[in-house]
Amino acid sequence: MIRLTAILFVFLAGFQALYAEADITQTIRGRVTDRQTLQPLPGANVIIPGTEPLKGASTDSEGYFEISNIPVGRIDVRITFMGFKEVYLSNISHISGRETIINVAMEEYILTGEEVVVSASADKSQAINPLTAISARGFTVEETERFAGSRNDVARMAANYAGVIVGSDDRNDIVVRGNSPTGLLWRLEGIDIPSPNHWAAFGSTGGPVSMLNNTLLSNSDFLSGAFPAEYGNATASVFDLRMRNGNDHRHEQMFQIGFNGFELGAEGPMLRDQKGSYLVNFRYSTMEVFDMMGMNFGTTGIPQYHDLSFKFNLPQTRWGSFSLFGLGGRSSIAFLDSNRDEDELDYYAGDGFDLINGADMGVMGINHIVNLTPSTWLRSTLALSHRNMRTDMDSLIRPQMDPFRIYGNDFRENRVSGAISVNSRLNSRNTLKGGMNLSMRNLQLNDSVYSYTYDQIVAIRDMEGSGWLMQPYVHWQHRLNNEITFNTGLHHQYYFVNNTHSTEPRFGLNYSFLPKHTISLGAGRHSQILAETVYFTKVFDGNTYHTPNKNAEMLKSDHLVLGYDYSFNAHTRLKVETYYQKLFDVPVNGSRADSYSMLNEGANFGVFNPDTIASSGIGQNIGIEITLERFFHKGLYYLFTASVFDSKYRASDGAWRNTAFNNNYIANLLAGYEFRVGSSDKRRSMINFNIKATYAGGQRYVPFRTVWDEDAQLYGRQWLHNNAFENRYQDYFRTDLSIGFKMNTGNVTQEWMIEITNLFNNQNIHSMNYDKQTGEEKMVPQLGMMVIPQWRIRF
C-alpha cells in the first residue's frame, strides 16, 4: 500500500509539471464588519503580505473589498482599521478552482488615554461568538478536512480537542468531560435543531454518518462548558454552526467522491443588485459501492442514505439581510439475521433477530438581520423541522416457529421554532444582548413490544400531542479595560408539557494580566428537558395504561471552570482548564433500587429507560485538560491534547459508581506538514501528510454471564447490573494517517486524498458477545484498518 501510494503521488507530481508555463492567480474578496454591531467598516485596509509588489485594497462604503490576481497557494491577509484591533489571518488556502472569500469581524479597542499599540490576537482559535468567556473554541472547515480520522465530520473533528472523546468508532457521539452525549446542543444558523445525523434516534445527538456537509460550513464554534446565557437546553456542550454564503460574483461547482458519499455542489450569484447568492449540495451514499469492492464494515447491513443542504442569501435588501437555509436527509438499513451465514459474525446486529431501521430529518428556516441603530441590531429566525424514526424487529430465537414481531416503533416530531435577539453596543465598554428561543413540538410517538407475561403485543407509547419550550435570556458584557472582560447573564427555561422550569445564572471572566498570559473563569447552571419518549412512556398493569413519567423534572448541571492560556508566539499556545460539574435531578429507576441512571444513555441507537423513573439521581464530573498547539505556519502544525477526569453517579440504590463514559484519561497527538511541488515561484500543487494518534482508557461496561436455557436449548445472557461499570475494557489505541495532493490548473482545482484509518489495525474492543450454542464469550472489535480514498474537483 505504501509503495502504491508513493507511485501515485510521484505520477501526480509529474503530471502537474506539464502545466508549469504560467503562474496561476485567483481573486480574494470579502467584507469587514464590527464584531459587536455587525456594521460595515468602510476604509479598512486589507493587504496581502509577501506579494511583490505589495497588493491590497480598502473597503468600500458597505465594507466590501476585492483584490485580484493573487497567485494561488498559502497566503496571509492583514486587516487594519483605526480604533480596532488588527486582524492577521495566516496560511489561508487560496486555490484556482474558486475565489477566496474572507469575512472579517473586528473588535473595537478601548481608548484609555494612554499610548497603545493595537496588534493582532495570537489566539487563532478564538470563538466566533464574542460573548463567550471560557471552554469555547472556533474552528474552520479546513480543520475538519485536515485532521486525520475526522472523515469531514465536525463531531469527529471535535474529538481531537481536550476533554472530548468519541464513544465508539461506528458512531460520532461525543463525550465531553465525562457527560452523556445527550447533553449536546446542535444549533444551526441561530436556531436549535434535532440531531443532524443519519439514523439519529430520539434522545440521541449522534449517529453513524453526519448530514452536515463540511464544505458548506463557515467558521463555527464548539463550547464544552459554562456557556453564555443565550444557550439553553444542554448540560454538556454546544455546536454553534454557521453556513457560509455562496459566491455572489461567479458560478462555481464541486464534485466529490469519498467515504461520506457522492457529492455534487453548486454556488453562484442571484439578484446581483442585492449581492444575492445561492449554495446547494447533494450527497448520496457510497457505502454500498465500497461493500461491493470488498471493504468490511463489520456488519451485513449496508447503510443507504442521501442528504441535501442549501442556503440562499440576500444581504442587502431595503428591509435588511435575509437568508433561507435548509438541511435534510433520509437513511435506512436492514440487519437480516435470517440471511446471515451461520459462521459469519455481525458486529452490530442482534443474533437471532431481523431488524429494519430508518430515519428522516429535515429543517428549513429563514433568517432576518436588520440594524435598528448604528450600534443595535435585531436578528429573527423562524424554522420548521421534521424527524422520524421507525423500527421493525422480528424474533428468530425459536427455530420451530416462523419469525414474529417482538418490537416496532414509529416516532415523529414536527417542530416550529423561533429565535429573536437584540444586540446593542451601549459604548466601547458595554454590550447588552437579550432574546428568546421558542419552540412548539408536535409529537406522534407509537411503539409496542411483545409481552411474554401477557402473551400479547403491549403498547409502550401511543400518543399524539404538542408542547412548548420557552427560553428567554439576557446577557451583559462589560470590558473594564483592554485586559479585563466580564460576562454575566440569566437564562430561563420553561417546559409547558409538565410546567417544569429552571432559572440559570451565568458568569464569565477573562483577565490578560500580562501580554501573553490570560486567566479565565466560568460558572453557571444549565438544564435540559428529557427525551420526549421518556415523558410519554406508558405502563400496562394488565387492565389499563398510565404515564408515570409525565411530570419528570429537567436534568440540571452546575458548571465551574478555571482556565489559563499562554501564547508562546503568534503561532503557538498552551492552554490548561480544570473543571467541576455537579449534576442533579437525574432520572433513575423509580420502581425499585438498582444501578440505572440516564447519565449512562446516549451513545446508542435509542434512549432506554425503566417504565417508571424518579428525578432523584445525582452525578459529578471533575477533571483537568491541557492543550499545546502550533497553528498552521510555514507548512507545519501540531496539536497535543490530554485530559484526566473522573465521572461518577448515584442511582436509586444509593451506591456511587463510574458512569458509562468514565474512561478516566485520553491523549491525542496530531501533526501535519504541507509542501509545494514543482517550481517554487508557481505554487501550483501541494502535498500534505497528516497523522493522528489517540490513546484512551477503555470503555466501561456492564458484565454478564451466560446461562443455559432448557426450553430454548440455547445459552442466554444474564446481566450483572450490581457490578455495572466497575471495570473498563483494555485501553484504546488508534493511529490514522492521511496523504493528500492538491493541483491547481487554470480555473480548476483537483484534490486527491487517501486516509488510512487504524493504521496498525489495533484490535480495540467495541463490546462483548457470546456464542448461543457453547456459551463462550466473544470480543466484538471496533473498526479495523480501512483505506478510504477521496477525490474532489472544484471549477
# chains A, B, ... in the order shown; residues from 1 in each chain; ligands from 1
>>> select_by_dssp(residues="range 157-319 of chain A", states="strand (DSSP E or B)", output="ChimeraX atom specification")
/A:164-166,174-176,184-188,191-192,197-198,209-210,217,220-223,237-241,243,252-258,261-270,276-284,304-317
>>> closest_residue(among="A:Phe282, A:Phe733, A:Tyr579, A:Phe795", to="Val176 in chain A", atoms="only C-alpha atoms")
A:Tyr579
>>> residues_around(residues="Arg461 in chain A", least_positions_apart="6", cutoff="9 Å", atoms="only C-alpha atoms", output="VMD selection string")
chain A and resid 409 445 to 448 533 536 to 539 547
>>> residues_around(residues="Asn658 in chain A", least_positions_apart="3", cutoff="12 Å", atoms="only C-alpha atoms", output="count of residues only")
32
>>> closest_residue(among="A:Glu107, A:Asp736, A:Glu143, A:Asp541", to="Ile128 in chain A", atoms="only C-alpha atoms")
A:Glu107
>>> residues_around(residues="Phe312 in chain A", least_positions_apart="3", cutoff="9 Å", atoms="only C-alpha atoms", output="list in words")
Asn245, Gly246, Met270, Gly276, Ser277, Tyr278, Leu279, Val280, Phe322, Ser323, Leu324 and Phe325 of chain A
>>> atom_distance(atom1="CA of Phe259 in chain A", atom2="CA of Ser96 in chain A")
24.7 Å
>>> closest_residue(among="A:Arg137, A:His368, A:His546, A:His517", to="Ala459 in chain A", atoms="only C-alpha atoms")
A:His546
>>> select_by_dssp(residues="range 83-292 of chain A", states="helix (DSSP H, G or I)", output="VMD selection string")
chain A and resid 141 to 146 154 to 158 181 to 183 214 to 216 272 to 274 287 to 292
>>> write_last_selection(atoms="N, CA and C atoms", output="PDB file, in the first residue's frame")
ATOM      1  N   VAL A 141     -13.497  25.117   8.500  1.00  0.00           N
ATOM      2  CA  VAL A 141     -13.811  23.964   7.661  1.00  0.00           C
ATOM      3  C   VAL A 141     -12.540  23.189   7.334  1.00  0.00           C
ATOM      4  N   GLU A 142     -11.450  23.907   7.156  1.00  0.00           N
ATOM      5  CA  GLU A 142     -10.198  23.246   6.792  1.00  0.00           C
ATOM      6  C   GLU A 142      -9.749  22.269   7.867  1.00  0.00           C
ATOM      7  N   GLU A 143     -10.057  22.565   9.143  1.00  0.00           N
ATOM      8  CA  GLU A 143      -9.683  21.646  10.215  1.00  0.00           C
ATOM      9  C   GLU A 143     -10.431  20.325  10.090  1.00  0.00           C
ATOM     10  N   THR A 144     -11.703  20.363   9.676  1.00  0.00           N
ATOM     11  CA  THR A 144     -12.458  19.120   9.519  1.00  0.00           C
ATOM     12  C   THR A 144     -11.890  18.264   8.403  1.00  0.00           C
ATOM     13  N   GLU A 145     -11.159  18.888   7.458  1.00  0.00           N
ATOM     14  CA  GLU A 145     -10.554  18.137   6.370  1.00  0.00           C
ATOM     15  C   GLU A 145      -9.100  17.774   6.675  1.00  0.00           C
ATOM     16  N   ARG A 146      -8.427  18.635   7.446  1.00  0.00           N
ATOM     17  CA  ARG A 146      -7.003  18.435   7.683  1.00  0.00           C
ATOM     18  C   ARG A 146      -6.733  17.346   8.709  1.00  0.00           C
ATOM     19  N   VAL A 154     -17.712  17.255  11.584  1.00  0.00           N
ATOM     20  CA  VAL A 154     -17.351  18.206  12.637  1.00  0.00           C
ATOM     21  C   VAL A 154     -17.321  17.551  14.014  1.00  0.00           C
ATOM     22  N   ALA A 155     -18.181  16.564  14.264  1.00  0.00           N
ATOM     23  CA  ALA A 155     -18.191  15.904  15.562  1.00  0.00           C
ATOM     24  C   ALA A 155     -16.917  15.090  15.766  1.00  0.00           C
ATOM     25  N   ARG A 156     -16.513  14.322  14.753  1.00  0.00           N
ATOM     26  CA  ARG A 156     -15.275  13.554  14.876  1.00  0.00           C
ATOM     27  C   ARG A 156     -14.062  14.485  14.943  1.00  0.00           C
ATOM     28  N   MET A 157     -14.128  15.633  14.257  1.00  0.00           N
ATOM     29  CA  MET A 157     -13.058  16.615  14.355  1.00  0.00           C
ATOM     30  C   MET A 157     -12.933  17.137  15.781  1.00  0.00           C
ATOM     31  N   ALA A 158     -14.073  17.423  16.430  1.00  0.00           N
ATOM     32  CA  ALA A 158     -14.058  17.953  17.790  1.00  0.00           C
ATOM     33  C   ALA A 158     -13.491  16.964  18.791  1.00  0.00           C
ATOM     34  N   PRO A 181     -23.478  11.912  25.830  1.00  0.00           N
ATOM     35  CA  PRO A 181     -23.650  12.645  24.561  1.00  0.00           C
ATOM     36  C   PRO A 181     -25.008  13.320  24.424  1.00  0.00           C
ATOM     37  N   THR A 182     -26.015  12.880  25.203  1.00  0.00           N
ATOM     38  CA  THR A 182     -27.333  13.509  25.111  1.00  0.00           C
ATOM     39  C   THR A 182     -27.315  14.951  25.581  1.00  0.00           C
ATOM     40  N   GLY A 183     -26.262  15.363  26.302  1.00  0.00           N
ATOM     41  CA  GLY A 183     -26.172  16.730  26.799  1.00  0.00           C
ATOM     42  C   GLY A 183     -25.706  17.739  25.774  1.00  0.00           C
ATOM     43  N   ASN A 214     -19.428  19.486   5.385  1.00  0.00           N
ATOM     44  CA  ASN A 214     -18.444  20.444   5.879  1.00  0.00           C
ATOM     45  C   ASN A 214     -18.086  21.507   4.843  1.00  0.00           C
ATOM     46  N   THR A 215     -18.252  21.215   3.554  1.00  0.00           N
ATOM     47  CA  THR A 215     -17.894  22.201   2.532  1.00  0.00           C
ATOM     48  C   THR A 215     -18.859  23.387   2.515  1.00  0.00           C
ATOM     49  N   LEU A 216     -20.006  23.256   3.188  1.00  0.00           N
ATOM     50  CA  LEU A 216     -20.981  24.342   3.228  1.00  0.00           C
ATOM     51  C   LEU A 216     -20.889  25.171   4.498  1.00  0.00           C
ATOM     52  N   ARG A 272     -28.157  40.231  -8.388  1.00  0.00           N
ATOM     53  CA  ARG A 272     -26.854  40.850  -8.163  1.00  0.00           C
ATOM     54  C   ARG A 272     -26.946  42.229  -7.512  1.00  0.00           C
ATOM     55  N   ASP A 273     -28.009  42.987  -7.775  1.00  0.00           N
ATOM     56  CA  ASP A 273     -28.098  44.317  -7.183  1.00  0.00           C
ATOM     57  C   ASP A 273     -28.253  44.261  -5.671  1.00  0.00           C
ATOM     58  N   GLN A 274     -28.622  43.081  -5.134  1.00  0.00           N
ATOM     59  CA  GLN A 274     -28.727  42.883  -3.692  1.00  0.00           C
ATOM     60  C   GLN A 274     -27.625  41.968  -3.171  1.00  0.00           C
ATOM     61  N   MET A 287     -21.397   3.822   0.499  1.00  0.00           N
ATOM     62  CA  MET A 287     -21.094   2.656   1.331  1.00  0.00           C
ATOM     63  C   MET A 287     -21.379   1.345   0.605  1.00  0.00           C
ATOM     64  N   GLU A 288     -22.454   1.333  -0.154  1.00  0.00           N
ATOM     65  CA  GLU A 288     -22.793   0.102  -0.878  1.00  0.00           C
ATOM     66  C   GLU A 288     -21.739  -0.223  -1.927  1.00  0.00           C
ATOM     67  N   VAL A 289     -21.214   0.826  -2.585  1.00  0.00           N
ATOM     68  CA  VAL A 289     -20.155   0.613  -3.575  1.00  0.00           C
ATOM     69  C   VAL A 289     -18.901   0.080  -2.898  1.00  0.00           C
ATOM     70  N   PHE A 290     -18.523   0.666  -1.750  1.00  0.00           N
ATOM     71  CA  PHE A 290     -17.341   0.190  -1.029  1.00  0.00           C
ATOM     72  C   PHE A 290     -17.524  -1.260  -0.585  1.00  0.00           C
ATOM     73  N   ASP A 291     -18.749  -1.620  -0.194  1.00  0.00           N
ATOM     74  CA  ASP A 291     -19.009  -3.001   0.208  1.00  0.00           C
ATOM     75  C   ASP A 291     -18.803  -3.964  -0.959  1.00  0.00           C
ATOM     76  N   MET A 292     -19.218  -3.569  -2.154  1.00  0.00           N
ATOM     77  CA  MET A 292     -19.021  -4.402  -3.335  1.00  0.00           C
ATOM     78  C   MET A 292     -17.536  -4.547  -3.679  1.00  0.00           C
TER      79      MET A 292
END
>>> closest_residue(among="A:Thr37, A:Asn367, A:Ser237, A:Ser395", to="Ile191 in chain A", atoms="only C-alpha atoms")
A:Asn367
>>> atom_distance(atom1="CA of Met364 in chain A", atom2="CA of Ala419 in chain A")
13.7 Å
